[in-house]
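Engineer: I'd like to ask you about the structure that follows.
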Amino acid sequence: MNDFDVIVVGGGINGLTAAAYLGKAGAKVCVIEARAECGAHCNTEEVTLAGFLHNLHATWMITALSPAMEDLELEKFGLEILMTDYAYGKTFKDGKCALMGINPQDTIQNWMKLSPKDAEFIIKVGEILIERWEEILDWVHTFLFTPPSHAQVEKHITFLKDIAEKLGINISPREIVSMNGFQALDIFFESDYIKTTIASLSWIGAFPPIHRRVGSSGCIGVAALTGPIFPVHQVKGGSHSLTHSLVRCCKAHGVTIIQNSPVEEILVDGEKGAYGVKLSKDAVFPGEKIYAKKIISNLTLTHTFELIDESKIPAELSAKIKDFCYDEQVIFGVHYALKEAPVWSSAEFDAGIQRCFMGYLGGETIDEMKKFAVELVSGVIPDELMANWFVPTLADPSQAPDGCHTAFLWLDVPPIPVKWGKRKLEYNFGIWDKIKWELAEKLTDLFEEYAPGFKKNILDIFPYSPLDVWRNNRSAIKGNWCGGAMLPDQFFSNRPLPGIIVKGASRTFLKNLYLSNSIHPFGATWLASGYISACEVAEDLGIRDRDWWKAKAVRWYVQNLGRIKKNLGVPDKWKT
């Protein structure tokens with residue numbers, strides 16, 4: 001087997017992003033994927049009926065804010081962004097709904113009906129965005145697509161200071177940053193409609209409100225920026241279209257992709273560091289050794305270092321790695337094939353909810369959400385369920401037969417629950433096979449409460465548990481979807497853990513070994529982890545200075561928003 005400049009272990013979307021950048025920059029790159037197809041956490045499958053495409057993992061697509069849209073010309077390789085008028089919605093049992101529009105004016109109009117005082121937040125933030133547009137765009141790029149730094153924290157604090165001053169809040173922004181999300185929401189907002197909407201969006205975006213620093217950053221960030229800056233969208237044909245576009249890009253730039261080839265060992269020498277990989281006996285090239293100057297692991301942290309001779313890892317770091325936490329950002333999904341789009345009972349209050357492909361139901365008050373959070377981190381599936389909902393076909397009707405739709409619910413769960421309400425469960429990962437249909441039925445009942453008639457609309461159901469996630473992708477330890485729990489001690493400059501990264505955000509303590517998973521910010525469809533890894537490897541290879549490698553976060557989205565198609569699957573009666 002020929003030697004390479006770079007080997008990427010794992011063909012997930014961030015590994016493919018790193019490979020595509022480096023291949024385009026002139027490096028000789030090889031991606032080695034264990035499965036028969038790349039993109040394990042960005043796949044779209046017909047798991048119910050023929051013609052119904054279900055996004056089993058990534059569905060909240062945010063690729064439009066990535067520099068990769070422009071640098072890698074992902075549209076040229078088949079990626080088509082599709083949207084609805086509203087980025088996010090939360091529906092309530094009393095018939096009301098809270099919405100976050102792509103157009104801030106839509107958000108303001110909806111929030112005015114719920115809380116004029118809270119609508120003032122969007123108005124004041126809008127003034128700041130207009131006044132400091134270029135500076136804030138640069139800050140978003142720096143925060144998400146460069147290594148964590150003190151300067152980023154200071155810019156974040158300055159942004160918070162400006163918001164607080166405009167709203168007449170006399171609390172130090174440093175105090176706000178140190179709070180959890182629930183505390184920050186109580187300071188900035190008065191209405192539970194708005195608080196629970198923001199908390200839920202932050203939560204499903206991997207910033208749980210219950211945690212200090214993590215929660216406040218997420219809650220205030222999504223409240224201020226989702227819609228006008230942070231795009232929430234679909235891609236035509238389902239999420240796996242992103243994988244296909246990245247694979248095509250890699251191929252166009254000479255990247256070698258080897259599939260059906262689990263890696264048995266990452267080869268490490270005491271002096272030269274990581275220098276190659278050994279394939280398993282089950283690979284298409286059994287036991288083959290492949291060599292490279294640089295190794296990028298797109299596997300999660302723990303899995304990466306399980307492939308390395310333990311004698312090469314300092315004992316203190318080895319212990320830390322084994323204790324890396326995967327207990328949050330774990331979800332239970334229920335996928336539905338539907339005759340038609342759900343109709344929310346809150347559509348009478350604001351018909352915009354029918355032009356929104358993503359939102360949340362349950363958690364009527366902020367106190368209910370706090371209780372849910374406490375039970376979740378205590379290993380309990382609460383009796384009172386609340387979940388993230390999607391109807392992807394409102395944005396992209398190609399994901400279902402003509403006139404039909406798909407929908408699904410995502411429930412945050414403990415990876416191995418000890419209890420379901422008061423009912424004690426066997427502490428075993430295999431418990432999911434015993435309870436998943438029962439839990440799917442409870443979640444379907446919940447959907448019916450908010451969208452009466454939903455059950456009669458169902459053609460087929462497919463539950464998807466954390467155990468199923470892990471079966472599909474062995475690097476998704478405990479079913480975790482973002483490469484490790486987002487906790488204060490695994491967040492920002494601590495990510496993945498202190499001592500693992502020695503310079504920048506992807507270079508590990510082992511020479512020539514880099515990570516594109518489990519690092520800052522976290523693995524998601526914004527492709528930030530892959531971008532950061534590519535930048536640092538390119539710097540170390542001396543190939544970073546390329547005239548095409550210059551795009552910044554959000555710019556592509558802002559420049560192209562006017563031509564992105566919207567509401568393609570929304571029934572005609574809801575379009576006006």
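Residue numbering restarts at 1 in every chain; chains get A, B, ... in the order shown in the structure tokens, and ligands count up from 1 in that same order.
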Which residues, written as a JSON list (two decimals) with N, CA and C atoms, in the first residue's frame, have at least one atom at most 6 Å from Val232 (chain A), with only C-alpha atoms counted and residues fewer than 2 positions away on the same chain left out?
Structural biologist:
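See result38.json below for the written result:
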```json
[["chain", "number", "residue", "atom", "x", "y", "z"],
["A", 61, "MET", "N", -29.83, 20.43, 10.36],
["A", 61, "MET", "CA", -28.67, 20.75, 9.53],
["A", 61, "MET", "C", -28.31, 22.23, 9.68],
["A", 62, "ILE", "N", -27.02, 22.49, 9.89],
["A", 62, "ILE", "CA", -26.53, 23.86, 10.03],
["A", 62, "ILE", "C", -25.29, 24.07, 9.16],
["A", 87, "ALA", "N", -37.34, 28.77, 11.81],
["A", 87, "ALA", "CA", -36.24, 27.88, 12.17],
["A", 87, "ALA", "C", -36.63, 26.94, 13.31]]
```
Engineer: I'd like the neighbourhood of Trp410 (chain A) as a ChimeraX atom specification, where a residue qualifies if any of its atoms comes within 10 Å (using only C-alpha atoms), though same-chain residues fewer than 6 positions away should be ignored.
Structural biologist: /A:57,204,330-335,360,386-390,443,464-465
Engineer: For the selection you just gave me, I'd like the residues written to a file as a PDB file, in the first residue's frame, keeping N, CA and C atoms.
Structural biologist:
```
ATOM      1  N   HIS A  57     -29.927  10.217  12.358  1.00  0.00           N
ATOM      2  CA  HIS A  57     -29.052  10.965  13.264  1.00  0.00           C
ATOM      3  C   HIS A  57     -29.167  12.449  12.962  1.00  0.00           C
ATOM      4  N   ILE A 204     -31.254  20.819  22.911  1.00  0.00           N
ATOM      5  CA  ILE A 204     -31.075  19.888  21.790  1.00  0.00           C
ATOM      6  C   ILE A 204     -29.868  20.268  20.940  1.00  0.00           C
ATOM      7  N   VAL A 330     -27.537  12.062  24.519  1.00  0.00           N
ATOM      8  CA  VAL A 330     -27.983  10.717  24.156  1.00  0.00           C
ATOM      9  C   VAL A 330     -29.488  10.808  23.921  1.00  0.00           C
ATOM     10  N   ILE A 331     -29.958  10.292  22.794  1.00  0.00           N
ATOM     11  CA  ILE A 331     -31.363  10.480  22.447  1.00  0.00           C
ATOM     12  C   ILE A 331     -32.033   9.175  22.034  1.00  0.00           C
ATOM     13  N   PHE A 332     -33.339   9.126  22.300  1.00  0.00           N
ATOM     14  CA  PHE A 332     -34.212   8.041  21.857  1.00  0.00           C
ATOM     15  C   PHE A 332     -35.123   8.626  20.782  1.00  0.00           C
ATOM     16  N   GLY A 333     -35.183   7.992  19.627  1.00  0.00           N
ATOM     17  CA  GLY A 333     -35.964   8.526  18.520  1.00  0.00           C
ATOM     18  C   GLY A 333     -37.137   7.644  18.144  1.00  0.00           C
ATOM     19  N   VAL A 334     -38.202   8.272  17.660  1.00  0.00           N
ATOM     20  CA  VAL A 334     -39.332   7.550  17.076  1.00  0.00           C
ATOM     21  C   VAL A 334     -39.625   8.196  15.723  1.00  0.00           C
ATOM     22  N   HIS A 335     -39.536   7.394  14.667  1.00  0.00           N
ATOM     23  CA  HIS A 335     -39.703   7.882  13.303  1.00  0.00           C
ATOM     24  C   HIS A 335     -41.061   7.431  12.761  1.00  0.00           C
ATOM     25  N   TYR A 360     -40.314  21.753  19.530  1.00  0.00           N
ATOM     26  CA  TYR A 360     -40.295  21.037  20.809  1.00  0.00           C
ATOM     27  C   TYR A 360     -41.707  20.998  21.360  1.00  0.00           C
ATOM     28  N   MET A 386     -40.949  15.096  27.412  1.00  0.00           N
ATOM     29  CA  MET A 386     -40.866  16.264  26.534  1.00  0.00           C
ATOM     30  C   MET A 386     -39.840  15.937  25.464  1.00  0.00           C
ATOM     31  N   ALA A 387     -40.074  16.399  24.245  1.00  0.00           N
ATOM     32  CA  ALA A 387     -39.226  15.936  23.144  1.00  0.00           C
ATOM     33  C   ALA A 387     -39.137  16.954  22.021  1.00  0.00           C
ATOM     34  N   ASN A 388     -38.060  16.837  21.274  1.00  0.00           N
ATOM     35  CA  ASN A 388     -37.824  17.608  20.060  1.00  0.00           C
ATOM     36  C   ASN A 388     -38.576  16.946  18.901  1.00  0.00           C
ATOM     37  N   TRP A 389     -39.325  17.735  18.111  1.00  0.00           N
ATOM     38  CA  TRP A 389     -40.031  17.167  16.963  1.00  0.00           C
ATOM     39  C   TRP A 389     -39.481  17.712  15.644  1.00  0.00           C
ATOM     40  N   PHE A 390     -39.601  16.896  14.616  1.00  0.00           N
ATOM     41  CA  PHE A 390     -39.214  17.283  13.265  1.00  0.00           C
ATOM     42  C   PHE A 390     -40.288  16.846  12.277  1.00  0.00           C
ATOM     43  N   LEU A 443     -44.480   8.262  23.607  1.00  0.00           N
ATOM     44  CA  LEU A 443     -44.123   9.461  22.855  1.00  0.00           C
ATOM     45  C   LEU A 443     -45.155   9.760  21.767  1.00  0.00           C
ATOM     46  N   TYR A 464     -35.943   4.063  17.566  1.00  0.00           N
ATOM     47  CA  TYR A 464     -34.487   3.990  17.394  1.00  0.00           C
ATOM     48  C   TYR A 464     -33.839   4.398  18.707  1.00  0.00           C
ATOM     49  N   SER A 465     -33.295   3.430  19.420  1.00  0.00           N
ATOM     50  CA  SER A 465     -32.796   3.641  20.778  1.00  0.00           C
ATOM     51  C   SER A 465     -31.302   3.972  20.789  1.00  0.00           C
TER      52      SER A 465
END
```
Engineer: Would you pick out the contacts of Ala337 (chain A) at 9 Å or less, using only C-alpha atoms, so that residues sharing its chain but fewer than 3 positions from it are not included, and give the list as number ranges by chain?
Structural biologist: A: 48-49, 52-54, 340, 400, 404-408, 457-462
Engineer: Using only C-alpha atoms, which residues sit within 8 Å of Thr196 (chain A) once same-chain residues fewer than 3 positions away are excluded, as a PyMOL selection string?
Structural biologist: chain A and resi 192-193+199-200+363-366+369
Engineer: Using the selection just defined, write its residues with N, CA and C atoms as a tab-separated table (two decimals), in the first residue's frame.
Structural biologist:
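Resulting contents of again_1.tsv:
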```tsv
chain	number	residue	atom	x	y	z
A	192	ASP	N	-42.71	32.12	30.47
A	192	ASP	CA	-42.34	30.72	30.35
A	192	ASP	C	-42.44	30.23	28.91
A	193	TYR	N	-43.32	30.84	28.11
A	193	TYR	CA	-43.38	30.46	26.70
A	193	TYR	C	-42.01	30.67	26.05
A	199	ALA	N	-34.71	27.42	26.16
A	199	ALA	CA	-34.05	26.32	26.89
A	199	ALA	C	-34.05	25.04	26.06
A	200	SER	N	-35.18	24.75	25.42
A	200	SER	CA	-35.27	23.51	24.64
A	200	SER	C	-34.34	23.55	23.44
A	363	GLY	N	-42.83	20.11	28.47
A	363	GLY	CA	-42.10	21.12	29.22
A	363	GLY	C	-42.83	22.44	29.17
A	364	GLU	N	-44.03	22.47	29.71
A	364	GLU	CA	-44.89	23.65	29.60
A	364	GLU	C	-44.35	24.83	30.40
A	365	THR	N	-43.63	24.56	31.46
A	365	THR	CA	-43.06	25.62	32.28
A	365	THR	C	-41.57	25.38	32.47
A	366	ILE	N	-40.88	26.44	32.86
A	366	ILE	CA	-39.44	26.29	33.07
A	366	ILE	C	-39.17	25.39	34.27
A	369	MET	N	-39.13	21.87	33.09
A	369	MET	CA	-37.88	21.55	32.38
A	369	MET	C	-36.73	21.35	33.36
```
Engineer: Residues of region 305-404 of chain A within 9 Å of region 422-435 of chain A: nearest atom pair and distance (Å, one decimal) for each, counting only C-alpha atoms, sorted by chain and number, as JSON lines?
Structural biologist:
```
{"residue": "A:Val380", "atom": "CA", "partner": "A:Lys422", "partner_atom": "CA", "distance": 8.8}
{"residue": "A:Pro382", "atom": "CA", "partner": "A:Lys422", "partner_atom": "CA", "distance": 8.7}
{"residue": "A:Asp383", "atom": "CA", "partner": "A:Lys422", "partner_atom": "CA", "distance": 8.2}
```
Engineer: Give me, as number ranges by chain, the residues of region 70-204 of chain A that a backbone DSSP run labels alpha helix (DSSP H).
Structural biologist: A: 70-71, 104-114, 116-131, 133-145, 150-167, 173-178, 181-188, 192-204
Engineer: Which one of A:Asp138, A:Asp118, A:Asp327, A:Glu536 sits closest to Lys478 (chain A) if you count only C-alpha atoms?
Structural biologist: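 Nearest to Lys478 (chain A): A:Asp327.
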